[in-house]
Each structure stands twice: as structure tokens, then as C-alpha cells.
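Asker: Coordinates in upload32.txt, compact mmCIF, C-alpha atoms and all ligand atoms, are listed below.
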```txt
# COMPACT_ATOMS: atom_id res chain seq x y z
CA MET A 1 0.00 0.00 0.00
CA SER A 2 1.40 3.37 -0.96
CA TRP A 3 0.78 6.60 0.87
CA PHE A 4 1.19 10.24 -0.06
CA ILE A 5 1.97 12.51 2.88
CA THR A 6 2.50 16.26 2.58
CA PHE A 7 3.67 18.93 5.00
CA GLU A 8 2.32 22.46 4.92
CA GLY A 9 2.54 25.57 7.00
CA PRO A 10 3.62 29.15 7.15
CA GLU A 11 7.26 30.16 6.89
CA GLY A 12 9.57 28.91 9.61
CA ALA A 13 7.27 26.16 10.89
CA GLY A 14 10.02 23.54 10.64
CA LYS A 15 8.59 21.52 7.76
CA THR A 16 11.91 20.53 6.31
CA THR A 17 13.18 19.16 9.64
CA GLN A 18 9.92 17.30 10.29
CA CYS A 19 9.92 15.76 6.80
CA GLN A 20 13.43 14.46 7.43
CA LEU A 21 12.53 13.10 10.88
CA LEU A 22 9.48 11.33 9.48
CA ALA A 23 11.51 9.80 6.64
CA ALA A 24 14.10 8.59 9.19
CA ARG A 25 11.42 6.96 11.36
CA LEU A 26 9.88 5.25 8.34
CA GLU A 27 13.30 3.96 7.29
CA ALA A 28 13.95 2.66 10.80
CA ARG A 29 10.80 0.55 10.41
CA GLY A 30 11.89 -0.90 7.09
CA TYR A 31 10.04 1.40 4.69
CA GLN A 32 11.82 3.12 1.82
CA PRO A 33 10.16 6.52 1.75
CA VAL A 34 10.70 8.99 -1.05
CA LEU A 35 11.45 12.41 0.43
CA THR A 36 10.87 15.32 -1.91
CA ARG A 37 9.86 18.99 -1.96
CA GLU A 38 8.01 21.68 -3.85
CA PRO A 39 8.80 23.60 -5.76
CA GLY A 40 11.46 21.12 -6.81
CA GLY A 41 11.86 17.38 -6.94
CA THR A 42 12.93 17.34 -10.60
CA PRO A 43 15.58 19.29 -12.54
CA LEU A 44 12.87 21.46 -14.14
CA GLY A 45 11.20 21.93 -10.77
CA GLU A 46 14.47 23.02 -9.15
CA ALA A 47 15.08 25.52 -11.97
CA ILE A 48 11.56 26.93 -11.53
CA ARG A 49 12.15 27.06 -7.77
CA ASP A 50 15.30 29.06 -8.23
CA TRP A 51 13.52 31.51 -10.50
CA LEU A 52 10.47 31.90 -8.25
CA LEU A 53 12.30 32.25 -4.95
CA THR A 54 14.96 34.65 -6.17
CA ARG A 55 13.78 36.52 -9.28
CA GLY A 56 10.02 36.15 -9.07
CA THR A 57 7.30 37.22 -11.46
CA ALA A 58 5.32 40.41 -11.76
CA ARG A 59 1.96 38.66 -12.13
CA ALA A 60 0.30 36.36 -9.64
CA GLU A 61 -1.11 34.35 -12.55
CA THR A 62 2.38 33.63 -13.89
CA GLU A 63 3.52 32.64 -10.42
CA ALA A 64 0.62 30.19 -10.03
CA LEU A 65 1.29 28.69 -13.45
CA LEU A 66 4.98 28.21 -12.71
CA PHE A 67 4.40 26.55 -9.32
CA THR A 68 1.82 24.34 -11.02
CA ALA A 69 4.10 23.55 -13.97
CA ALA A 70 6.78 22.41 -11.53
CA ARG A 71 4.14 20.25 -9.81
CA ALA A 72 2.91 18.70 -13.08
CA GLU A 73 6.44 17.52 -13.81
CA HIS A 74 7.01 16.38 -10.23
CA VAL A 75 3.80 14.33 -10.07
CA ALA A 76 4.29 12.70 -13.47
CA SER A 77 7.97 11.86 -13.22
CA LEU A 78 8.48 11.21 -9.50
CA ILE A 79 5.40 11.09 -7.26
CA ARG A 80 3.06 8.88 -9.31
CA PRO A 81 5.79 6.37 -10.25
CA ALA A 82 6.86 6.14 -6.59
CA LEU A 83 3.29 5.59 -5.42
CA ALA A 84 2.77 3.01 -8.18
CA SER A 85 5.72 1.03 -6.90
CA GLY A 86 4.30 0.99 -3.38
CA ARG A 87 6.51 3.66 -1.82
CA ILE A 88 5.49 6.20 0.79
CA VAL A 89 6.03 9.71 -0.58
CA VAL A 90 6.77 12.51 1.90
CA CYS A 91 6.58 15.91 0.25
CA ASP A 92 7.56 19.28 1.73
CA ARG A 93 4.69 21.50 0.41
CA TYR A 94 2.24 20.59 -2.36
CA VAL A 95 -0.95 21.95 -3.92
CA ASP A 96 -2.25 23.39 -0.64
CA SER A 97 0.68 25.84 -0.80
CA THR A 98 -0.63 27.13 -4.13
CA LEU A 99 -4.16 27.47 -2.74
CA ALA A 100 -2.82 29.23 0.38
CA TYR A 101 -0.14 31.50 -1.15
CA GLN A 102 -1.39 32.23 -4.66
CA GLY A 103 -5.07 31.88 -3.68
CA ALA A 104 -5.51 33.43 -0.24
CA GLY A 105 -2.20 35.32 -0.27
CA ARG A 106 -2.26 36.81 -3.77
CA GLY A 107 -6.03 36.79 -4.20
CA LEU A 108 -6.34 34.42 -7.16
CA ASP A 109 -9.60 32.52 -7.54
CA GLU A 110 -9.38 29.20 -5.71
CA ALA A 111 -11.73 27.46 -8.17
CA TRP A 112 -9.33 28.30 -11.02
CA LEU A 113 -6.38 27.02 -9.04
CA ARG A 114 -8.21 23.76 -8.30
CA ALA A 115 -9.06 23.37 -11.99
CA LEU A 116 -5.42 23.97 -12.83
CA HIS A 117 -4.46 21.27 -10.34
CA ARG A 118 -6.79 18.79 -12.05
CA PHE A 119 -5.27 19.64 -15.41
CA ALA A 120 -1.68 19.47 -14.15
CA THR A 121 -1.79 16.36 -11.98
CA GLY A 122 -4.94 14.42 -12.82
CA ASP A 123 -6.22 15.63 -9.44
CA LEU A 124 -3.76 13.85 -7.20
CA TRP A 125 -4.37 14.71 -3.52
CA PRO A 126 -2.43 13.56 -0.45
CA ASP A 127 -3.72 10.92 1.96
CA LEU A 128 -2.46 12.92 4.91
CA THR A 129 -1.46 16.58 5.13
CA VAL A 130 0.34 17.78 8.24
CA LEU A 131 -0.15 21.44 9.02
CA LEU A 132 2.75 22.62 11.15
CA ASP A 133 1.25 25.68 12.70
CA VAL A 134 3.17 28.62 14.16
CA PRO A 135 2.16 32.24 14.68
CA ILE A 136 3.50 34.42 11.88
CA GLU A 137 5.87 36.44 14.08
CA ILE A 138 7.51 33.31 15.47
CA GLY A 139 7.86 31.67 12.06
CA LEU A 140 9.33 34.71 10.37
CA ALA A 141 11.74 35.34 13.26
CA ARG A 142 12.93 31.71 13.06
CA ARG A 143 13.32 32.06 9.32
CA ALA A 144 15.26 35.32 9.53
CA ALA A 145 17.64 33.77 12.07
CA ALA A 146 18.27 30.65 9.97
CA ALA A 147 18.60 31.72 6.35
CA PRO A 148 18.40 34.66 3.99
CA LEU A 149 14.77 35.59 3.35
CA SER A 150 13.32 34.44 0.03
CA ARG A 151 11.09 36.66 -2.08
CA LEU A 152 7.92 35.16 -0.60
CA ASP A 153 9.25 35.37 2.97
CA ARG A 154 9.50 39.12 2.48
CA GLU A 155 5.78 39.59 1.75
CA ALA A 156 3.82 41.76 4.22
CA ALA A 157 2.60 40.29 7.50
CA SER A 158 -1.00 40.57 6.23
CA PHE A 159 -0.09 38.25 3.33
CA HIS A 160 1.28 35.64 5.75
CA GLU A 161 -1.79 36.03 7.99
CA ARG A 162 -4.06 35.26 5.03
CA VAL A 163 -1.97 32.19 4.22
CA ARG A 164 -2.19 30.92 7.79
CA ALA A 165 -5.93 31.60 7.98
CA TRP A 166 -6.45 29.65 4.75
CA TYR A 167 -4.60 26.67 6.21
CA HIS A 168 -6.75 26.73 9.34
CA ALA A 169 -9.95 26.90 7.30
CA ALA A 170 -8.81 24.09 4.98
CA ALA A 171 -7.96 21.85 7.93
CA GLN A 172 -11.39 22.47 9.44
CA ARG A 173 -13.16 21.69 6.17
CA GLU A 174 -11.33 18.42 5.65
CA PRO A 175 -10.38 17.09 9.09
CA THR A 176 -9.75 13.54 7.91
CA ARG A 177 -6.98 14.60 5.53
CA TRP A 178 -5.41 17.28 7.73
CA LEU A 179 -3.53 16.92 10.98
CA VAL A 180 -2.92 20.25 12.70
CA VAL A 181 0.15 20.28 14.94
CA ASP A 182 1.26 23.13 17.17
CA ALA A 183 4.80 23.58 15.88
CA THR A 184 5.96 26.02 18.55
CA GLY A 185 7.00 23.13 20.82
CA PRO A 186 10.23 21.11 20.85
CA VAL A 187 11.16 19.40 17.56
CA GLU A 188 10.98 15.87 19.04
CA ALA A 189 7.55 16.47 20.56
CA VAL A 190 6.22 17.67 17.21
CA ALA A 191 7.79 14.64 15.51
CA ASP A 192 6.03 12.33 17.99
CA VAL A 193 2.61 13.80 17.22
CA VAL A 194 3.26 13.46 13.49
CA TRP A 195 4.45 9.89 13.93
CA ARG A 196 1.32 8.80 15.80
CA ALA A 197 -0.83 10.08 12.92
CA VAL A 198 1.35 8.35 10.33
CA GLU A 199 1.24 5.08 12.29
CA ALA A 200 -2.56 5.32 12.30
CA LEU A 201 -2.54 5.97 8.56
CA LEU A 202 -0.29 2.98 7.87
CA ALA A 203 -2.44 0.76 10.08
CA GLY A 204 -5.54 1.82 8.18
CA ARG A 205 -6.99 3.59 11.19
CA ARG A 206 -6.97 6.97 9.49
CA ARG A 207 -8.88 7.46 6.28
CA ALA A 208 -8.76 10.47 4.00
P1 LIG B 1 10.99 27.37 0.91
O1 LIG B 1 12.32 27.99 1.07
O2 LIG B 1 10.88 25.91 0.63
O3 LIG B 1 10.10 27.80 2.11
P2 LIG B 1 9.59 26.91 3.30
O4 LIG B 1 10.82 26.42 4.00
O5 LIG B 1 8.78 27.87 4.11
O6 LIG B 1 8.78 25.82 2.67
O7 LIG B 1 10.25 28.17 -0.25
C1 LIG B 1 9.05 27.83 -0.72
C2 LIG B 1 8.28 29.12 -0.87
O8 LIG B 1 7.43 29.03 -1.98
C3 LIG B 1 7.43 29.43 0.34
O9 LIG B 1 7.49 30.80 0.62
C4 LIG B 1 6.04 29.07 -0.12
C5 LIG B 1 6.10 29.30 -1.59
N1 LIG B 1 5.19 28.48 -2.40
C6 LIG B 1 4.11 29.08 -3.04
O10 LIG B 1 3.91 30.30 -2.92
N2 LIG B 1 3.28 28.30 -3.80
C7 LIG B 1 3.48 26.97 -3.98
O11 LIG B 1 2.71 26.29 -4.68
C8 LIG B 1 4.62 26.37 -3.32
C9 LIG B 1 4.89 24.89 -3.48
C10 LIG B 1 5.45 27.16 -2.55
```
Take the structure from the file and write it as C-alpha cells.
Ligand code: TYD
Answerer:
Amino acid sequence: MSWFITFEGPEGAGKTTQCQLLAARLEARGYQPVLTREPGGTPLGEAIRDWLLTRGTARAETEALLFTAARAEHVASLIRPALASGRIVVCDRYVDSTLAYQGAGRGLDEAWLRALHRFATGDLWPDLTVLLDVPIEIGLARRAAAAPLSRLDREAASFHERVRAWYHAAAQREPTRWLVVDATGPVEAVADVVWRAVEALLAGRRRA
């Protein structure tokens, strides 16, 4: 049985660390997870990532199309083949990032973005999406301390608040797919909460 698990959240929530910890726990139990990220995961995706995070685009529509183009390639050449061969795929950000950032953040119509997702991926959705939730100020402060700010990190606080609010609303609408974790706590404690949900998923006790 293959599973598709994604991590989402505002900036500085610790997604990358938690993806790695989850992959390590899965490996320790004999699974061979595929750990990947968006934008990225393929050579084209990484090139689009570089462009979007450093140079950017003037139009929100172009930005949405580029994130989605990277995803189309990622799903077709990496995610679907991995799932077809029975692997667990752990992905750092996925379509919910487009709905949150380009939809709620930039104000693009969510119905269009969902249609674009169907076109680009054949409507592939995760089995489990972990929302690592941190207040905007904490996330951005963590981010500023750890790495140079990307173009999206530097958006106004109101942009990031809209993104976070979208995540909360999405998790409420679809509670079986989403797991909301308070990510202000210690890394290991967050990893434990995530692991319990993944164990339930693998055991068939959690259904999307
Ligand atoms: P990254 O450095 O990976 O940020 P983080 O560690 O917070 O995930 O950069 C990804 C950035 O791209 C992040 O600001 C969110 C944004 N993004 C979108 O706006 N739309 C998308 O569809 C995706 C996948 C990411």
C-alpha cells in the first residue's frame, strides 16, 4: 500500500526538519520513503524554484502557473511512479501551498487554481497533510535567524496572515486529511505527534 503525505505551514514552521525526521522513522521501520519537496523534486522543478524564490514574477497568474508547472512535472515523473511502486512519498509542500499562497495570499480565484491542479496532476491529492502551525511572528523570526529571506518570505505580515488563515480553514473543512500540529514546541515532541498520525494511517486507522 502506498501513501502520499505532505507537510504544509507558514514560513519557519520547521517543515523541512519534520519531513526528514518522518523519513528517518519510516526507514527505521523498514520502509523506503521517497522524500521530496516543492517547488522542486525534478531538474525542471528546481530551476523553476530558483527563478520563483529569487527573481520572481510580476503577475500572480504567472507565479501560479509556474508553481503548477513544476508540480505537473514532479507528479508525473516522480510522485506517481513512486506511489505506483508501493513507496510512501513525503513531500515538503504541495498543492495546498498554491491554494494558500497564490489563492488566499495573492487573491487568485481558488476554483481556477483547483481546476489547474486537475489539469496538471490528474487531481492527485495527499492521503495525509500535516499542518505545522506557528504564529506568523515566530515563524518569520525563526526564518530570519536561519537563512536569507526568500522573495515570498518578504511579503507583508497581512499576506502571511491570510496564508495561515487559509490553512486553518482548509484543515477544518477536511479534518480527515489534515492533521494540525502546534509547531511552537520542541522538535521531538512535534515529531512524535506526526508519527502517531502516520502510524494510524499505515495501520488503516486513518482514512482520507
Ligand atoms: P521554501 O524555502 O521551501 O520555504 P519553506 O521552508 O517555508 O517551505 O520556499 C518555498 C516558498 O514558496 C514558500 O514561501 C512558499 C512558496 N510556495 C508558493 O507560494 N506556492 C506553492 O505552490 C509552493 C509549493 C510554494
Asker: How would you report the residues lying within 10 Å of ligand LIG 1 (chain B), as a VMD selection string, if you count all atoms listed in the file?
Answerer: chain A and resid 7 to 17 37 to 40 49 to 50 52 to 54 60 63 to 71 91 to 103 105 to 106 139 to 140 143 147 to 155 160 163
Asker: Take the residues from that selection and write them out as a PDB file, in the coordinates of the input, keeping C-alpha atoms.
Answerer:
```
ATOM      1  CA  PHE A   7       3.670  18.930   5.000  1.00  0.00           C
ATOM      2  CA  GLU A   8       2.320  22.460   4.920  1.00  0.00           C
ATOM      3  CA  GLY A   9       2.540  25.570   7.000  1.00  0.00           C
ATOM      4  CA  PRO A  10       3.620  29.150   7.150  1.00  0.00           C
ATOM      5  CA  GLU A  11       7.260  30.160   6.890  1.00  0.00           C
ATOM      6  CA  GLY A  12       9.570  28.910   9.610  1.00  0.00           C
ATOM      7  CA  ALA A  13       7.270  26.160  10.890  1.00  0.00           C
ATOM      8  CA  GLY A  14      10.020  23.540  10.640  1.00  0.00           C
ATOM      9  CA  LYS A  15       8.590  21.520   7.760  1.00  0.00           C
ATOM     10  CA  THR A  16      11.910  20.530   6.310  1.00  0.00           C
ATOM     11  CA  THR A  17      13.180  19.160   9.640  1.00  0.00           C
ATOM     12  CA  ARG A  37       9.860  18.990  -1.960  1.00  0.00           C
ATOM     13  CA  GLU A  38       8.010  21.680  -3.850  1.00  0.00           C
ATOM     14  CA  PRO A  39       8.800  23.600  -5.760  1.00  0.00           C
ATOM     15  CA  GLY A  40      11.460  21.120  -6.810  1.00  0.00           C
ATOM     16  CA  ARG A  49      12.150  27.060  -7.770  1.00  0.00           C
ATOM     17  CA  ASP A  50      15.300  29.060  -8.230  1.00  0.00           C
ATOM     18  CA  LEU A  52      10.470  31.900  -8.250  1.00  0.00           C
ATOM     19  CA  LEU A  53      12.300  32.250  -4.950  1.00  0.00           C
ATOM     20  CA  THR A  54      14.960  34.650  -6.170  1.00  0.00           C
ATOM     21  CA  ALA A  60       0.300  36.360  -9.640  1.00  0.00           C
ATOM     22  CA  GLU A  63       3.520  32.640 -10.420  1.00  0.00           C
ATOM     23  CA  ALA A  64       0.620  30.190 -10.030  1.00  0.00           C
ATOM     24  CA  LEU A  65       1.290  28.690 -13.450  1.00  0.00           C
ATOM     25  CA  LEU A  66       4.980  28.210 -12.710  1.00  0.00           C
ATOM     26  CA  PHE A  67       4.400  26.550  -9.320  1.00  0.00           C
ATOM     27  CA  THR A  68       1.820  24.340 -11.020  1.00  0.00           C
ATOM     28  CA  ALA A  69       4.100  23.550 -13.970  1.00  0.00           C
ATOM     29  CA  ALA A  70       6.780  22.410 -11.530  1.00  0.00           C
ATOM     30  CA  ARG A  71       4.140  20.250  -9.810  1.00  0.00           C
ATOM     31  CA  CYS A  91       6.580  15.910   0.250  1.00  0.00           C
ATOM     32  CA  ASP A  92       7.560  19.280   1.730  1.00  0.00           C
ATOM     33  CA  ARG A  93       4.690  21.500   0.410  1.00  0.00           C
ATOM     34  CA  TYR A  94       2.240  20.590  -2.360  1.00  0.00           C
ATOM     35  CA  VAL A  95      -0.950  21.950  -3.920  1.00  0.00           C
ATOM     36  CA  ASP A  96      -2.250  23.390  -0.640  1.00  0.00           C
ATOM     37  CA  SER A  97       0.680  25.840  -0.800  1.00  0.00           C
ATOM     38  CA  THR A  98      -0.630  27.130  -4.130  1.00  0.00           C
ATOM     39  CA  LEU A  99      -4.160  27.470  -2.740  1.00  0.00           C
ATOM     40  CA  ALA A 100      -2.820  29.230   0.380  1.00  0.00           C
ATOM     41  CA  TYR A 101      -0.140  31.500  -1.150  1.00  0.00           C
ATOM     42  CA  GLN A 102      -1.390  32.230  -4.660  1.00  0.00           C
ATOM     43  CA  GLY A 103      -5.070  31.880  -3.680  1.00  0.00           C
ATOM     44  CA  GLY A 105      -2.200  35.320  -0.270  1.00  0.00           C
ATOM     45  CA  ARG A 106      -2.260  36.810  -3.770  1.00  0.00           C
ATOM     46  CA  GLY A 139       7.860  31.670  12.060  1.00  0.00           C
ATOM     47  CA  LEU A 140       9.330  34.710  10.370  1.00  0.00           C
ATOM     48  CA  ARG A 143      13.320  32.060   9.320  1.00  0.00           C
ATOM     49  CA  ALA A 147      18.600  31.720   6.350  1.00  0.00           C
ATOM     50  CA  PRO A 148      18.400  34.660   3.990  1.00  0.00           C
ATOM     51  CA  LEU A 149      14.770  35.590   3.350  1.00  0.00           C
ATOM     52  CA  SER A 150      13.320  34.440   0.030  1.00  0.00           C
ATOM     53  CA  ARG A 151      11.090  36.660  -2.080  1.00  0.00           C
ATOM     54  CA  LEU A 152       7.920  35.160  -0.600  1.00  0.00           C
ATOM     55  CA  ASP A 153       9.250  35.370   2.970  1.00  0.00           C
ATOM     56  CA  ARG A 154       9.500  39.120   2.480  1.00  0.00           C
ATOM     57  CA  GLU A 155       5.780  39.590   1.750  1.00  0.00           C
ATOM     58  CA  HIS A 160       1.280  35.640   5.750  1.00  0.00           C
ATOM     59  CA  VAL A 163      -1.970  32.190   4.220  1.00  0.00           C
TER      60      VAL A 163
END
```
Asker: Kindly give the distance, in Å, that separates atom CA of Asp127 of chain A and atom CA of Trp178 of chain A, rounded to a single decimal.
Answerer: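 Distance between the two atoms: 8.8 Å.
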Asker: How far is it from atom CA of Thr121 of chain A to atom CA of Leu83 of chain A, in Å with one decimal?
Answerer: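 Interatomic distance here is 13.6 Å.
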Asker: Please define a box with edges along x, y and z of the file around all atoms of segment 193-196 of chain A given in the file, extend it by 4 Å on each side, and return its centre and edge lengths in Å to one decimal, as lines of an AutoDock Vina configuration file.
Answerer:
```
center_x = 2.9
center_y = 11.3
center_z = 15.4
size_x = 11.1
size_y = 13.0
size_z = 11.7
```
Asker: Nearest to Phe159 of chain A among A:Ala58, A:Ile136, A:Leu21, A:Val75, with distances taken over only C-alpha atoms: which residue is it?
Answerer: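 Checking each of A:Ala58, A:Ile136, A:Leu21, A:Val75 against Phe159 of chain A, counting only C-alpha atoms, the winner is A:Ile136.
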Asker: With only C-alpha atoms as the atoms that count, which of A:Ala24, A:Pro126, A:Leu108, A:Ile88 lies nearest to Thr62 of chain A?
Answerer: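 Of A:Ala24, A:Pro126, A:Leu108, A:Ile88, the one nearest Thr62 of chain A is A:Leu108, counting only C-alpha atoms.
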Asker: Residues near His168 of chain A, anyone? I mean within 10 Å using only C-alpha atoms, not counting same-chain ones fewer than 3 positions away, as a CSV table (one decimal) with C-alpha atoms, keeping the file's coordinate frame.
Answerer:
```
chain,number,residue,atom,x,y,z
A,9,GLY,CA,2.5,25.6,7.0
A,131,LEU,CA,-0.2,21.4,9.0
A,133,ASP,CA,1.2,25.7,12.7
A,162,ARG,CA,-4.1,35.3,5.0
A,163,VAL,CA,-2.0,32.2,4.2
A,164,ARG,CA,-2.2,30.9,7.8
A,165,ALA,CA,-5.9,31.6,8.0
A,171,ALA,CA,-8.0,21.8,7.9
A,172,GLN,CA,-11.4,22.5,9.4
A,173,ARG,CA,-13.2,21.7,6.2
A,178,TRP,CA,-5.4,17.3,7.7
A,180,VAL,CA,-2.9,20.2,12.7
```
Asker: So how far away is atom CA of Ala111 of chain A from atom CA of Leu35 of chain A, in Å?
Answerer: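 One can read the atom CA of Leu35 of chain A to atom CA of Ala111 of chain A distance as 28.9 Å.
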Asker: Nearest to Ala183 of chain A among A:Leu132, A:Val34, A:Ala28, A:Leu124, with distances taken over only C-alpha atoms: which residue is it?
Answerer: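 Of A:Leu132, A:Val34, A:Ala28, A:Leu124, the one nearest Ala183 of chain A is A:Leu132, counting only C-alpha atoms.
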Asker: Would you mind listing what lies within 10 Å of Trp195 of chain A as a VMD selection string, with all atoms listed in the file counted and same-chain residues fewer than 3 positions away left out?
Answerer: chain A and resid 18 21 to 22 25 to 26 189 to 192 198 to 201
Asker: Given the choices A:Ile79, A:Ala145, A:Leu116, A:Val187, which gets closest to Thr36 of chain A if the distance is worked out from only C-alpha atoms?
Answerer: A:Ile79
Asker: Which one is closest to Glu137 of chain A: A:Ala170, A:His117, A:Ile48, A:Glu161? Count only C-alpha atoms.
Answerer: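 Checking each of A:Ala170, A:His117, A:Ile48, A:Glu161 against Glu137 of chain A, counting only C-alpha atoms, the winner is A:Glu161.
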Asker: Considering all atoms listed in the file, state which residue in the set A:Leu44, A:Ala146, A:Ala141, A:Leu202 is at the smallest distance from Arg87 of chain A.
Answerer: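 Going through A:Leu44, A:Ala146, A:Ala141, A:Leu202 one by one, the smallest distance to Arg87 of chain A is for A:Leu202.
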Asker: Could segment 194-207 of chain A be completed with N, CA, C and O atoms and returned as a JSON list (two decimals), keeping the file's coordinate frame?
Answerer:
```json
[["chain", "number", "residue", "atom", "x", "y", "z"],
["A", 194, "VAL", "N", 3.34, 13.81, 14.91],
["A", 194, "VAL", "CA", 3.26, 13.46, 13.49],
["A", 194, "VAL", "C", 3.33, 11.94, 13.34],
["A", 194, "VAL", "O", 2.56, 11.32, 12.60],
["A", 195, "TRP", "N", 4.24, 11.34, 14.07],
["A", 195, "TRP", "CA", 4.45, 9.89, 13.93],
["A", 195, "TRP", "C", 3.22, 9.09, 14.32],
["A", 195, "TRP", "O", 2.85, 8.12, 13.67],
["A", 196, "ARG", "N", 2.54, 9.52, 15.39],
["A", 196, "ARG", "CA", 1.32, 8.80, 15.80],
["A", 196, "ARG", "C", 0.27, 8.83, 14.68],
["A", 196, "ARG", "O", -0.40, 7.84, 14.42],
["A", 197, "ALA", "N", 0.15, 9.98, 14.01],
["A", 197, "ALA", "CA", -0.83, 10.08, 12.92],
["A", 197, "ALA", "C", -0.41, 9.20, 11.74],
["A", 197, "ALA", "O", -1.25, 8.56, 11.10],
["A", 198, "VAL", "N", 0.89, 9.17, 11.47],
["A", 198, "VAL", "CA", 1.35, 8.35, 10.33],
["A", 198, "VAL", "C", 1.18, 6.87, 10.65],
["A", 198, "VAL", "O", 0.75, 6.08, 9.79],
["A", 199, "GLU", "N", 1.46, 6.49, 11.88],
["A", 199, "GLU", "CA", 1.24, 5.08, 12.29],
["A", 199, "GLU", "C", -0.22, 4.70, 12.09],
["A", 199, "GLU", "O", -0.51, 3.60, 11.59],
["A", 200, "ALA", "N", -1.13, 5.59, 12.47],
["A", 200, "ALA", "CA", -2.56, 5.32, 12.30],
["A", 200, "ALA", "C", -2.91, 5.18, 10.82],
["A", 200, "ALA", "O", -3.68, 4.31, 10.43],
["A", 201, "LEU", "N", -2.30, 6.03, 10.01],
["A", 201, "LEU", "CA", -2.54, 5.97, 8.56],
["A", 201, "LEU", "C", -2.08, 4.62, 8.01],
["A", 201, "LEU", "O", -2.80, 3.93, 7.28],
["A", 202, "LEU", "N", -0.86, 4.22, 8.40],
["A", 202, "LEU", "CA", -0.29, 2.98, 7.87],
["A", 202, "LEU", "C", -1.09, 1.76, 8.33],
["A", 202, "LEU", "O", -1.18, 0.76, 7.64],
["A", 203, "ALA", "N", -1.67, 1.89, 9.53],
["A", 203, "ALA", "CA", -2.44, 0.76, 10.08],
["A", 203, "ALA", "C", -3.87, 0.77, 9.57],
["A", 203, "ALA", "O", -4.67, -0.07, 9.97],
["A", 204, "GLY", "N", -4.18, 1.76, 8.71],
["A", 204, "GLY", "CA", -5.54, 1.82, 8.18],
["A", 204, "GLY", "C", -6.56, 2.39, 9.13],
["A", 204, "GLY", "O", -7.76, 2.29, 8.91],
["A", 205, "ARG", "N", -6.05, 3.03, 10.21],
["A", 205, "ARG", "CA", -6.99, 3.59, 11.19],
["A", 205, "ARG", "C", -7.35, 5.03, 10.86],
["A", 205, "ARG", "O", -8.14, 5.66, 11.53],
["A", 206, "ARG", "N", -6.69, 5.60, 9.85],
["A", 206, "ARG", "CA", -6.97, 6.97, 9.49],
["A", 206, "ARG", "C", -7.29, 7.00, 8.00],
["A", 206, "ARG", "O", -6.50, 6.58, 7.19],
["A", 207, "ARG", "N", -8.44, 7.47, 7.67],
["A", 207, "ARG", "CA", -8.88, 7.46, 6.28],
["A", 207, "ARG", "C", -9.09, 8.86, 5.76],
["A", 207, "ARG", "O", -9.76, 9.66, 6.38]]
```
